[in-house]
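Q: Dropping in work08.pdb, with PDB, C-alpha atoms.
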```
ATOM      1  CA  MET A   1      59.431 -58.773 -18.750  1.00  0.00           C
ATOM      2  CA  ALA A   2      59.013 -55.180 -17.540  1.00  0.00           C
ATOM      3  CA  ASN A   3      61.903 -53.468 -15.836  1.00  0.00           C
ATOM      4  CA  PRO A   4      60.769 -52.720 -12.220  1.00  0.00           C
ATOM      5  CA  SER A   5      62.787 -49.489 -12.012  1.00  0.00           C
ATOM      6  CA  THR A   6      61.226 -48.207 -15.257  1.00  0.00           C
ATOM      7  CA  THR A   7      57.732 -48.972 -13.943  1.00  0.00           C
ATOM      8  CA  LYS A   8      58.526 -47.180 -10.678  1.00  0.00           C
ATOM      9  CA  ASN A   9      59.840 -44.131 -12.554  1.00  0.00           C
ATOM     10  CA  GLU A  10      56.699 -44.045 -14.680  1.00  0.00           C
ATOM     11  CA  THR A  11      54.512 -44.167 -11.527  1.00  0.00           C
ATOM     12  CA  VAL A  12      56.435 -41.253  -9.988  1.00  0.00           C
ATOM     13  CA  ALA A  13      56.137 -39.286 -13.233  1.00  0.00           C
ATOM     14  CA  THR A  14      52.390 -39.962 -13.387  1.00  0.00           C
ATOM     15  CA  LYS A  15      51.912 -38.742  -9.801  1.00  0.00           C
ATOM     16  CA  ALA A  16      53.950 -35.602 -10.540  1.00  0.00           C
ATOM     17  CA  ALA A  17      51.843 -34.910 -13.617  1.00  0.00           C
ATOM     18  CA  ALA A  18      48.660 -35.346 -11.568  1.00  0.00           C
ATOM     19  CA  GLN A  19      49.774 -32.553  -9.204  1.00  0.00           C
ATOM     20  CA  PRO A  20      51.010 -29.731 -11.422  1.00  0.00           C
ATOM     21  CA  ILE A  21      52.828 -26.792  -9.854  1.00  0.00           C
ATOM     22  CA  THR A  22      50.442 -23.874  -9.621  1.00  0.00           C
ATOM     23  CA  ALA A  23      51.037 -20.345  -8.385  1.00  0.00           C
ATOM     24  CA  MET A  24      48.981 -21.103  -5.273  1.00  0.00           C
ATOM     25  CA  SER A  25      50.972 -24.252  -4.480  1.00  0.00           C
ATOM     26  CA  VAL A  26      54.098 -22.084  -4.273  1.00  0.00           C
ATOM     27  CA  LEU A  27      52.589 -18.901  -2.817  1.00  0.00           C
ATOM     28  CA  ALA A  28      50.534 -20.493  -0.011  1.00  0.00           C
ATOM     29  CA  PRO A  29      53.449 -22.323   1.689  1.00  0.00           C
ATOM     30  CA  ALA A  30      55.807 -19.369   1.226  1.00  0.00           C
ATOM     31  CA  LEU A  31      53.322 -16.892   2.673  1.00  0.00           C
ATOM     32  CA  GLY A  32      52.340 -19.376   5.373  1.00  0.00           C
ATOM     33  CA  TRP A  33      55.969 -19.631   6.477  1.00  0.00           C
ATOM     34  CA  LEU A  34      56.477 -15.864   6.504  1.00  0.00           C
ATOM     35  CA  ILE A  35      53.200 -15.105   8.310  1.00  0.00           C
ATOM     36  CA  PRO A  36      51.821 -18.089  10.273  1.00  0.00           C
ATOM     37  CA  GLY A  37      48.284 -18.941   9.115  1.00  0.00           C
ATOM     38  CA  ALA A  38      48.441 -16.707   6.032  1.00  0.00           C
ATOM     39  CA  GLY A  39      48.793 -19.744   3.755  1.00  0.00           C
ATOM     40  CA  HIS A  40      45.288 -20.766   4.828  1.00  0.00           C
ATOM     41  CA  LEU A  41      43.856 -17.247   4.799  1.00  0.00           C
ATOM     42  CA  ILE A  42      44.965 -16.683   1.194  1.00  0.00           C
ATOM     43  CA  GLN A  43      42.979 -19.819   0.263  1.00  0.00           C
ATOM     44  CA  LYS A  44      39.904 -18.480   2.079  1.00  0.00           C
ATOM     45  CA  ARG A  45      40.157 -20.932   4.980  1.00  0.00           C
ATOM     46  CA  TRP A  46      39.419 -18.064   7.346  1.00  0.00           C
ATOM     47  CA  ILE A  47      38.712 -19.870  10.624  1.00  0.00           C
ATOM     48  CA  ARG A  48      41.540 -22.377  10.226  1.00  0.00           C
ATOM     49  CA  GLY A  49      43.943 -19.602   9.238  1.00  0.00           C
ATOM     50  CA  LEU A  50      43.025 -17.372  12.171  1.00  0.00           C
ATOM     51  CA  LEU A  51      43.243 -20.256  14.650  1.00  0.00           C
ATOM     52  CA  LEU A  52      46.665 -21.297  13.324  1.00  0.00           C
ATOM     53  CA  MET A  53      47.892 -17.710  13.296  1.00  0.00           C
ATOM     54  CA  GLY A  54      46.616 -17.093  16.840  1.00  0.00           C
ATOM     55  CA  SER A  55      48.086 -20.320  18.225  1.00  0.00           C
ATOM     56  CA  ILE A  56      51.530 -19.954  16.667  1.00  0.00           C
ATOM     57  CA  VAL A  57      51.914 -16.208  17.256  1.00  0.00           C
ATOM     58  CA  ILE A  58      50.714 -16.458  20.875  1.00  0.00           C
ATOM     59  CA  MET A  59      53.087 -19.386  21.505  1.00  0.00           C
ATOM     60  CA  PHE A  60      56.000 -17.405  20.108  1.00  0.00           C
ATOM     61  CA  VAL A  61      55.103 -14.293  22.137  1.00  0.00           C
ATOM     62  CA  ILE A  62      54.692 -16.329  25.345  1.00  0.00           C
ATOM     63  CA  GLY A  63      58.106 -17.884  24.628  1.00  0.00           C
ATOM     64  CA  LEU A  64      59.658 -14.426  24.424  1.00  0.00           C
ATOM     65  CA  MET A  65      57.806 -13.254  27.547  1.00  0.00           C
ATOM     66  CA  LEU A  66      59.106 -16.284  29.458  1.00  0.00           C
ATOM     67  CA  GLU A  67      62.612 -15.037  28.511  1.00  0.00           C
ATOM     68  CA  GLY A  68      63.262 -17.949  26.170  1.00  0.00           C
ATOM     69  CA  HIS A  69      66.387 -18.093  24.027  1.00  0.00           C
ATOM     70  CA  VAL A  70      66.194 -17.498  20.265  1.00  0.00           C
ATOM     71  CA  TYR A  71      68.917 -19.525  18.528  1.00  0.00           C
ATOM     72  CA  GLN A  72      71.298 -17.953  16.013  1.00  0.00           C
ATOM     73  CA  PRO A  73      72.177 -19.512  12.622  1.00  0.00           C
ATOM     74  CA  ASN A  74      75.879 -19.789  13.542  1.00  0.00           C
ATOM     75  CA  GLY A  75      75.471 -21.526  16.879  1.00  0.00           C
ATOM     76  CA  GLY A  76      78.335 -23.968  16.302  1.00  0.00           C
ATOM     77  CA  ASP A  77      76.921 -26.695  18.536  1.00  0.00           C
ATOM     78  CA  ILE A  78      74.684 -29.364  16.929  1.00  0.00           C
ATOM     79  CA  LEU A  79      71.894 -28.792  19.470  1.00  0.00           C
ATOM     80  CA  ASP A  80      72.042 -25.042  18.768  1.00  0.00           C
ATOM     81  CA  MET A  81      71.686 -25.793  15.045  1.00  0.00           C
ATOM     82  CA  LEU A  82      68.622 -27.955  15.719  1.00  0.00           C
ATOM     83  CA  GLY A  83      67.204 -25.193  17.885  1.00  0.00           C
ATOM     84  CA  PHE A  84      67.780 -22.769  15.036  1.00  0.00           C
ATOM     85  CA  VAL A  85      65.927 -25.065  12.611  1.00  0.00           C
ATOM     86  CA  GLY A  86      62.968 -25.073  14.987  1.00  0.00           C
ATOM     87  CA  ASP A  87      63.049 -21.324  15.574  1.00  0.00           C
ATOM     88  CA  VAL A  88      63.369 -20.419  11.902  1.00  0.00           C
ATOM     89  CA  GLY A  89      60.098 -22.246  11.190  1.00  0.00           C
ATOM     90  CA  ALA A  90      58.289 -19.272  12.687  1.00  0.00           C
ATOM     91  CA  GLY A  91      59.350 -17.272   9.606  1.00  0.00           C
ATOM     92  CA  GLY A  92      58.529 -13.596   9.978  1.00  0.00           C
ATOM     93  CA  LEU A  93      58.383 -13.867  13.763  1.00  0.00           C
ATOM     94  CA  TYR A  94      61.955 -15.186  13.807  1.00  0.00           C
ATOM     95  CA  ILE A  95      63.123 -12.439  11.447  1.00  0.00           C
ATOM     96  CA  LEU A  96      61.400  -9.829  13.619  1.00  0.00           C
ATOM     97  CA  SER A  97      62.964 -11.229  16.794  1.00  0.00           C
ATOM     98  CA  GLN A  98      66.414 -11.045  15.179  1.00  0.00           C
ATOM     99  CA  ALA A  99      65.822  -7.505  13.934  1.00  0.00           C
ATOM    100  CA  MET A 100      64.668  -6.364  17.366  1.00  0.00           C
ATOM    101  CA  SER A 101      67.349  -8.377  19.237  1.00  0.00           C
ATOM    102  CA  TRP A 102      64.749 -10.265  21.242  1.00  0.00           C
ATOM    103  CA  GLY A 103      65.356 -13.638  22.859  1.00  0.00           C
ATOM    104  CA  HIS A 104      68.779 -13.032  24.416  1.00  0.00           C
ATOM    105  CA  GLY A 105      67.626 -13.520  27.986  1.00  0.00           C
ATOM    106  CA  ALA A 106      69.934 -15.570  30.197  1.00  0.00           C
ATOM    107  CA  ILE A 107      68.303 -18.801  31.351  1.00  0.00           C
ATOM    108  CA  SER A 108      68.274 -18.246  35.103  1.00  0.00           C
ATOM    109  CA  HIS A 109      65.046 -20.027  36.023  1.00  0.00           C
ATOM    110  CA  ALA A 110      63.106 -23.111  34.912  1.00  0.00           C
ATOM    111  CA  THR A 111      60.321 -21.299  33.075  1.00  0.00           C
ATOM    112  CA  ALA A 112      62.878 -19.500  30.869  1.00  0.00           C
ATOM    113  CA  ASP A 113      63.784 -22.937  29.508  1.00  0.00           C
ATOM    114  CA  TYR A 114      60.071 -23.469  28.890  1.00  0.00           C
ATOM    115  CA  GLY A 115      60.178 -20.210  26.925  1.00  0.00           C
ATOM    116  CA  THR A 116      62.933 -21.621  24.711  1.00  0.00           C
ATOM    117  CA  LYS A 117      60.811 -24.713  24.092  1.00  0.00           C
ATOM    118  CA  TYR A 118      57.755 -22.589  23.310  1.00  0.00           C
ATOM    119  CA  LEU A 119      59.764 -20.702  20.670  1.00  0.00           C
ATOM    120  CA  ILE A 120      61.076 -23.885  19.041  1.00  0.00           C
ATOM    121  CA  VAL A 121      57.689 -25.612  19.049  1.00  0.00           C
ATOM    122  CA  ALA A 122      55.966 -22.516  17.607  1.00  0.00           C
ATOM    123  CA  GLY A 123      58.359 -22.783  14.652  1.00  0.00           C
ATOM    124  CA  LEU A 124      57.849 -26.530  14.269  1.00  0.00           C
ATOM    125  CA  LEU A 125      54.058 -26.157  14.399  1.00  0.00           C
ATOM    126  CA  ASN A 126      54.343 -23.545  11.663  1.00  0.00           C
ATOM    127  CA  PHE A 127      56.186 -26.103   9.495  1.00  0.00           C
ATOM    128  CA  ILE A 128      53.167 -28.418   9.900  1.00  0.00           C
ATOM    129  CA  SER A 129      50.859 -25.512   9.077  1.00  0.00           C
ATOM    130  CA  VAL A 130      52.880 -24.762   5.913  1.00  0.00           C
ATOM    131  CA  ALA A 131      52.625 -28.408   4.790  1.00  0.00           C
ATOM    132  CA  ASP A 132      48.865 -28.286   5.393  1.00  0.00           C
ATOM    133  CA  ALA A 133      48.537 -25.089   3.329  1.00  0.00           C
ATOM    134  CA  TYR A 134      50.412 -26.844   0.511  1.00  0.00           C
ATOM    135  CA  HIS A 135      48.116 -29.879   0.676  1.00  0.00           C
ATOM    136  CA  ILE A 136      45.086 -27.599   0.416  1.00  0.00           C
ATOM    137  CA  ALA A 137      46.660 -25.767  -2.535  1.00  0.00           C
ATOM    138  CA  ILE A 138      47.231 -28.974  -4.520  1.00  0.00           C
ATOM    139  CA  GLY A 139      43.747 -30.275  -3.710  1.00  0.00           C
ATOM    140  CA  LYS A 140      44.893 -33.147  -1.504  1.00  0.00           C
ATOM    141  CA  LYS A 141      42.902 -31.773   1.434  1.00  0.00           C
ATOM    142  CA  PRO A 142      39.540 -29.946   1.416  1.00  0.00           C
TER
ATOM    143  CA  MET B   1      57.741  -7.361  29.710  1.00  0.00           C
ATOM    144  CA  THR B   2      58.036 -10.777  31.253  1.00  0.00           C
ATOM    145  CA  LEU B   3      55.575 -13.452  32.226  1.00  0.00           C
ATOM    146  CA  ALA B   4      55.709 -15.787  35.197  1.00  0.00           C
ATOM    147  CA  LEU B   5      53.934 -19.104  34.757  1.00  0.00           C
ATOM    148  CA  SER B   6      53.866 -22.135  36.986  1.00  0.00           C
ATOM    149  CA  HIS B   7      55.068 -25.436  35.533  1.00  0.00           C
ATOM    150  CA  PHE B   8      51.511 -26.722  35.207  1.00  0.00           C
ATOM    151  CA  SER B   9      50.055 -23.589  33.606  1.00  0.00           C
ATOM    152  CA  ALA B  10      52.962 -23.501  31.127  1.00  0.00           C
ATOM    153  CA  ALA B  11      52.233 -27.138  30.194  1.00  0.00           C
ATOM    154  CA  LEU B  12      48.490 -26.393  29.986  1.00  0.00           C
ATOM    155  CA  LEU B  13      48.947 -23.433  27.622  1.00  0.00           C
ATOM    156  CA  PHE B  14      51.370 -25.456  25.522  1.00  0.00           C
ATOM    157  CA  SER B  15      48.756 -28.233  25.263  1.00  0.00           C
ATOM    158  CA  VAL B  16      46.015 -25.841  24.153  1.00  0.00           C
ATOM    159  CA  PHE B  17      47.966 -24.298  21.282  1.00  0.00           C
ATOM    160  CA  ALA B  18      49.634 -27.515  20.102  1.00  0.00           C
ATOM    161  CA  SER B  19      46.264 -29.316  20.138  1.00  0.00           C
ATOM    162  CA  ILE B  20      44.632 -26.598  18.011  1.00  0.00           C
ATOM    163  CA  VAL B  21      47.355 -26.892  15.363  1.00  0.00           C
ATOM    164  CA  PHE B  22      47.346 -30.713  15.433  1.00  0.00           C
ATOM    165  CA  GLY B  23      43.557 -30.817  15.153  1.00  0.00           C
ATOM    166  CA  ILE B  24      43.419 -28.472  12.163  1.00  0.00           C
ATOM    167  CA  THR B  25      46.328 -29.961  10.259  1.00  0.00           C
ATOM    168  CA  GLN B  26      45.891 -33.692  10.872  1.00  0.00           C
ATOM    169  CA  ARG B  27      42.191 -34.158  10.047  1.00  0.00           C
ATOM    170  CA  ASN B  28      39.997 -33.153   7.114  1.00  0.00           C
ATOM    171  CA  THR B  29      36.473 -32.442   8.328  1.00  0.00           C
ATOM    172  CA  THR B  30      35.536 -29.862  10.964  1.00  0.00           C
ATOM    173  CA  ARG B  31      34.012 -32.489  13.248  1.00  0.00           C
ATOM    174  CA  ASP B  32      37.118 -34.697  13.069  1.00  0.00           C
ATOM    175  CA  GLN B  33      39.366 -31.692  13.635  1.00  0.00           C
ATOM    176  CA  ILE B  34      37.542 -30.761  16.846  1.00  0.00           C
ATOM    177  CA  ARG B  35      37.514 -34.353  18.064  1.00  0.00           C
ATOM    178  CA  TYR B  36      41.220 -34.881  17.316  1.00  0.00           C
ATOM    179  CA  GLY B  37      42.112 -31.531  18.918  1.00  0.00           C
ATOM    180  CA  LEU B  38      40.267 -32.503  22.098  1.00  0.00           C
ATOM    181  CA  TYR B  39      41.889 -35.956  22.027  1.00  0.00           C
ATOM    182  CA  CYS B  40      45.369 -34.395  21.731  1.00  0.00           C
ATOM    183  CA  PHE B  41      44.611 -31.970  24.561  1.00  0.00           C
ATOM    184  CA  ALA B  42      43.418 -34.805  26.803  1.00  0.00           C
ATOM    185  CA  MET B  43      46.542 -36.829  25.980  1.00  0.00           C
ATOM    186  CA  PHE B  44      48.845 -33.876  26.685  1.00  0.00           C
ATOM    187  CA  VAL B  45      47.224 -33.040  30.023  1.00  0.00           C
ATOM    188  CA  GLY B  46      46.835 -36.707  30.955  1.00  0.00           C
ATOM    189  CA  GLY B  47      50.513 -37.261  30.131  1.00  0.00           C
ATOM    190  CA  VAL B  48      51.517 -34.359  32.361  1.00  0.00           C
ATOM    191  CA  ILE B  49      49.473 -35.707  35.285  1.00  0.00           C
ATOM    192  CA  VAL B  50      50.760 -39.271  34.817  1.00  0.00           C
ATOM    193  CA  ALA B  51      54.361 -38.029  34.546  1.00  0.00           C
ATOM    194  CA  GLY B  52      53.839 -35.984  37.710  1.00  0.00           C
ATOM    195  CA  TRP B  53      52.629 -39.022  39.657  1.00  0.00           C
ATOM    196  CA  VAL B  54      55.479 -41.194  38.285  1.00  0.00           C
ATOM    197  CA  MET B  55      58.015 -38.624  39.482  1.00  0.00           C
ATOM    198  CA  TRP B  56      56.271 -38.475  42.871  1.00  0.00           C
ATOM    199  CA  ILE B  57      56.475 -42.275  43.176  1.00  0.00           C
ATOM    200  CA  LEU B  58      60.136 -42.344  42.107  1.00  0.00           C
ATOM    201  CA  ARG B  59      60.984 -39.671  44.657  1.00  0.00           C
ATOM    202  CA  ARG B  60      59.540 -41.694  47.565  1.00  0.00           C
TER
END
```
Starting from the coordinates I provided, produce the structure as structure tokens.
A:
Amino acid sequence: MANPSTTKNETVATKAAAQPITAMSVLAPALGWLIPGAGHLIQKRWIRGLLLMGSIVIMFVIGLMLEGHVYQPNGGDILDMLGFVGDVGAGGLYILSQAMSWGHGAISHATADYGTKYLIVAGLLNFISVADAYHIAIGKKP
Amino acid sequence: MTLALSHFSAALLFSVFASIVFGITQRNTTRDQIRYGLYCFAMFVGGVIVAGWVMWILRR
């Protein structure tokens, strides 16, 4: 009688062998995180890459223009930490906003809170974009 | 430089950009991507309108 855990381990190993780590499967997600849409552009998905880049960058910029708050890594509060996780998804845009000290506007009106949400969602959408770039790199998606 | 948007226009812009990303990342073919993007946009905007009416009813 076959050991179920052994069979399961063999299945996982087979799947891992079917998707070997290539340079593109590492580079595309990393570049896609740093520059939204670049993970697709580097794989010659020009229209998809430009649309993703435009959507995420414009969302982030609108968030800043609405005086949204950019969360810091050492927020202390659990909700601040979650906000940071969302913001940091925007990669280079987050780094740039920290370097330029953007996103410190006091929330004094309702649309400023919308700005904060725009910034977080731009980062979260970039996480999805990074996962998509990875799936293209490993051949799981055309 | 700041931007002043109404609640509805902020929700509308949000819907446009989120729908583009969802459409591209969640479907494989170009046709399906466009269809899913439009579906997401309709759901976002429809949700906003429905939520608006629900709040109006609750307020009465």
Q: On this structure, which residues satisfy the ChimeraX specification (/A :<12) & /B, written as an NGL selection string?
A: :B and (1-30 or 33-34)
Q: Can you tell me how far atom CA of Ile35 of chain A sits from atom CA of Leu93 of chain A, in Å to one decimal?
A: 7.6 Å
Q: Find, counting all atoms listed in the file, the residue in A:Asn74, A:Gln43, A:Leu31, A:Leu124 that gets nearest to Gly139 of chain A.
A: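 Residue with the minimum atom-to-atom distance to Gly139 of chain A: A:Gln43.
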Q: Set the distance at 12 Å and use all atoms listed in the file: which residues neighbour Ala137 of chain A once local chain neighbours fewer than 4 positions away are removed? I'd like the list as a list of chain:residue names.
A: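 The neighbour list is A:Gln19, A:Pro20, A:Ile21, A:Thr22, A:Ala23, A:Met24, A:Ser25, A:Val26, A:Leu27, A:Ala28, A:Pro29, A:Ala30, A:Gly32, A:Gly39, A:His40, A:Leu41, A:Ile42, A:Gln43, A:Lys44, A:Arg45, A:Val130, A:Ala131, A:Asp132, A:Ala133, A:Lys141, A:Pro142.
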Q: For the selection just defined, write its residues with C-alpha atoms to a file, as a PDB file, keeping the file's coordinate frame.
A:
```pdb
ATOM      1  CA  GLN A  19      49.774 -32.553  -9.204  1.00  0.00           C
ATOM      2  CA  PRO A  20      51.010 -29.731 -11.422  1.00  0.00           C
ATOM      3  CA  ILE A  21      52.828 -26.792  -9.854  1.00  0.00           C
ATOM      4  CA  THR A  22      50.442 -23.874  -9.621  1.00  0.00           C
ATOM      5  CA  ALA A  23      51.037 -20.345  -8.385  1.00  0.00           C
ATOM      6  CA  MET A  24      48.981 -21.103  -5.273  1.00  0.00           C
ATOM      7  CA  SER A  25      50.972 -24.252  -4.480  1.00  0.00           C
ATOM      8  CA  VAL A  26      54.098 -22.084  -4.273  1.00  0.00           C
ATOM      9  CA  LEU A  27      52.589 -18.901  -2.817  1.00  0.00           C
ATOM     10  CA  ALA A  28      50.534 -20.493  -0.011  1.00  0.00           C
ATOM     11  CA  PRO A  29      53.449 -22.323   1.689  1.00  0.00           C
ATOM     12  CA  ALA A  30      55.807 -19.369   1.226  1.00  0.00           C
ATOM     13  CA  GLY A  32      52.340 -19.376   5.373  1.00  0.00           C
ATOM     14  CA  GLY A  39      48.793 -19.744   3.755  1.00  0.00           C
ATOM     15  CA  HIS A  40      45.288 -20.766   4.828  1.00  0.00           C
ATOM     16  CA  LEU A  41      43.856 -17.247   4.799  1.00  0.00           C
ATOM     17  CA  ILE A  42      44.965 -16.683   1.194  1.00  0.00           C
ATOM     18  CA  GLN A  43      42.979 -19.819   0.263  1.00  0.00           C
ATOM     19  CA  LYS A  44      39.904 -18.480   2.079  1.00  0.00           C
ATOM     20  CA  ARG A  45      40.157 -20.932   4.980  1.00  0.00           C
ATOM     21  CA  VAL A 130      52.880 -24.762   5.913  1.00  0.00           C
ATOM     22  CA  ALA A 131      52.625 -28.408   4.790  1.00  0.00           C
ATOM     23  CA  ASP A 132      48.865 -28.286   5.393  1.00  0.00           C
ATOM     24  CA  ALA A 133      48.537 -25.089   3.329  1.00  0.00           C
ATOM     25  CA  LYS A 141      42.902 -31.773   1.434  1.00  0.00           C
ATOM     26  CA  PRO A 142      39.540 -29.946   1.416  1.00  0.00           C
TER      27      PRO A 142
END
```
Q: What is the distance, in Å and to one decimal place, between atom CA of Tyr94 of chain A and atom CA of Val70 of chain A?
A: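 Distance reported for this atom pair: 8.1 Å.
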Q: Just need the box for segment 35-43 of chain B, edges along x, y and z, holding every atom the file lists for it with 3 Å tacked onto each side, so centre and edge lengths in Å to one decimal, as JSON.
A:
```
{"center_x": 42.0, "center_y": -34.2, "center_z": 22.1, "size_x": 15.0, "size_y": 11.3, "size_z": 15.5}
```
Q: Quick one, how far is atom CA of Phe84 of chain A from atom CA of His109 of chain A?
A: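 Going from atom CA of Phe84 of chain A over to atom CA of His109 of chain A covers 21.3 Å.
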Q: With distances taken over all atoms listed in the file, which of A:Leu50, A:Ile78, A:Ile120, A:Ile136 is nearest to Ala90 of chain A?
A: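 Answer, going by the shortest atom-to-atom distance: A:Ile120.
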Q: Can you pull out every residue within 6 Å of Gly92 of chain A, counting only C-alpha atoms, but drop anything in the same chain fewer than 3 positions away, and send it as JSON, numbers by chain?
A: {"A": [34, 35, 95, 96]}
Q: Would it be fine to have segment 107-125 of chain A, with N, CA and C atoms, given as a PDB file, in the first residue's frame?
A:
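Produced file out-v3.pdb, reproduced below:
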```
ATOM      1  N   ILE A 107      -5.367  64.370   6.946  1.00  0.00           N
ATOM      2  CA  ILE A 107      -6.686  64.040   6.389  1.00  0.00           C
ATOM      3  C   ILE A 107      -7.709  64.984   6.993  1.00  0.00           C
ATOM      4  N   SER A 108      -8.046  66.038   6.225  1.00  0.00           N
ATOM      5  CA  SER A 108      -8.975  67.043   6.745  1.00  0.00           C
ATOM      6  C   SER A 108     -10.290  67.052   5.969  1.00  0.00           C
ATOM      7  N   HIS A 109     -10.365  66.271   4.904  1.00  0.00           N
ATOM      8  CA  HIS A 109     -11.619  66.187   4.154  1.00  0.00           C
ATOM      9  C   HIS A 109     -11.786  64.778   3.594  1.00  0.00           C
ATOM     10  N   ALA A 110     -13.024  64.451   3.188  1.00  0.00           N
ATOM     11  CA  ALA A 110     -13.365  63.074   2.821  1.00  0.00           C
ATOM     12  C   ALA A 110     -12.539  62.555   1.656  1.00  0.00           C
ATOM     13  N   THR A 111     -12.281  63.403   0.660  1.00  0.00           N
ATOM     14  CA  THR A 111     -11.572  62.902  -0.521  1.00  0.00           C
ATOM     15  C   THR A 111     -10.094  62.609  -0.227  1.00  0.00           C
ATOM     16  N   ALA A 112      -9.552  63.180   0.860  1.00  0.00           N
ATOM     17  CA  ALA A 112      -8.179  62.832   1.246  1.00  0.00           C
ATOM     18  C   ALA A 112      -8.130  61.362   1.674  1.00  0.00           C
ATOM     19  N   ASP A 113      -9.198  60.905   2.338  1.00  0.00           N
ATOM     20  CA  ASP A 113      -9.263  59.488   2.706  1.00  0.00           C
ATOM     21  C   ASP A 113      -9.379  58.621   1.454  1.00  0.00           C
ATOM     22  N   TYR A 114     -10.079  59.127   0.444  1.00  0.00           N
ATOM     23  CA  TYR A 114     -10.117  58.423  -0.843  1.00  0.00           C
ATOM     24  C   TYR A 114      -8.701  58.324  -1.407  1.00  0.00           C
ATOM     25  N   GLY A 115      -7.930  59.401  -1.256  1.00  0.00           N
ATOM     26  CA  GLY A 115      -6.546  59.397  -1.736  1.00  0.00           C
ATOM     27  C   GLY A 115      -5.741  58.287  -1.097  1.00  0.00           C
ATOM     28  N   THR A 116      -5.918  58.114   0.225  1.00  0.00           N
ATOM     29  CA  THR A 116      -5.221  57.037   0.939  1.00  0.00           C
ATOM     30  C   THR A 116      -5.608  55.680   0.360  1.00  0.00           C
ATOM     31  N   LYS A 117      -6.895  55.519   0.064  1.00  0.00           N
ATOM     32  CA  LYS A 117      -7.365  54.249  -0.500  1.00  0.00           C
ATOM     33  C   LYS A 117      -6.829  54.040  -1.916  1.00  0.00           C
ATOM     34  N   TYR A 118      -6.756  55.108  -2.684  1.00  0.00           N
ATOM     35  CA  TYR A 118      -6.180  55.016  -4.030  1.00  0.00           C
ATOM     36  C   TYR A 118      -4.743  54.514  -3.952  1.00  0.00           C
ATOM     37  N   LEU A 119      -3.972  55.053  -3.002  1.00  0.00           N
ATOM     38  CA  LEU A 119      -2.561  54.669  -2.872  1.00  0.00           C
ATOM     39  C   LEU A 119      -2.432  53.195  -2.503  1.00  0.00           C
ATOM     40  N   ILE A 120      -3.250  52.749  -1.551  1.00  0.00           N
ATOM     41  CA  ILE A 120      -3.184  51.349  -1.113  1.00  0.00           C
ATOM     42  C   ILE A 120      -3.596  50.417  -2.258  1.00  0.00           C
ATOM     43  N   VAL A 121      -4.690  50.765  -2.931  1.00  0.00           N
ATOM     44  CA  VAL A 121      -5.188  49.886  -3.994  1.00  0.00           C
ATOM     45  C   VAL A 121      -4.226  49.857  -5.181  1.00  0.00           C
ATOM     46  N   ALA A 122      -3.566  50.983  -5.468  1.00  0.00           N
ATOM     47  CA  ALA A 122      -2.557  50.981  -6.546  1.00  0.00           C
ATOM     48  C   ALA A 122      -1.473  49.948  -6.233  1.00  0.00           C
ATOM     49  N   GLY A 123      -1.049  49.888  -4.977  1.00  0.00           N
ATOM     50  CA  GLY A 123      -0.043  48.900  -4.576  1.00  0.00           C
ATOM     51  C   GLY A 123      -0.568  47.477  -4.679  1.00  0.00           C
ATOM     52  N   LEU A 124      -1.804  47.266  -4.234  1.00  0.00           N
ATOM     53  CA  LEU A 124      -2.381  45.917  -4.280  1.00  0.00           C
ATOM     54  C   LEU A 124      -2.595  45.454  -5.725  1.00  0.00           C
ATOM     55  N   LEU A 125      -3.013  46.376  -6.594  1.00  0.00           N
ATOM     56  CA  LEU A 125      -3.183  46.015  -8.005  1.00  0.00           C
ATOM     57  C   LEU A 125      -1.826  45.668  -8.626  1.00  0.00           C
TER      58      LEU A 125
END
```
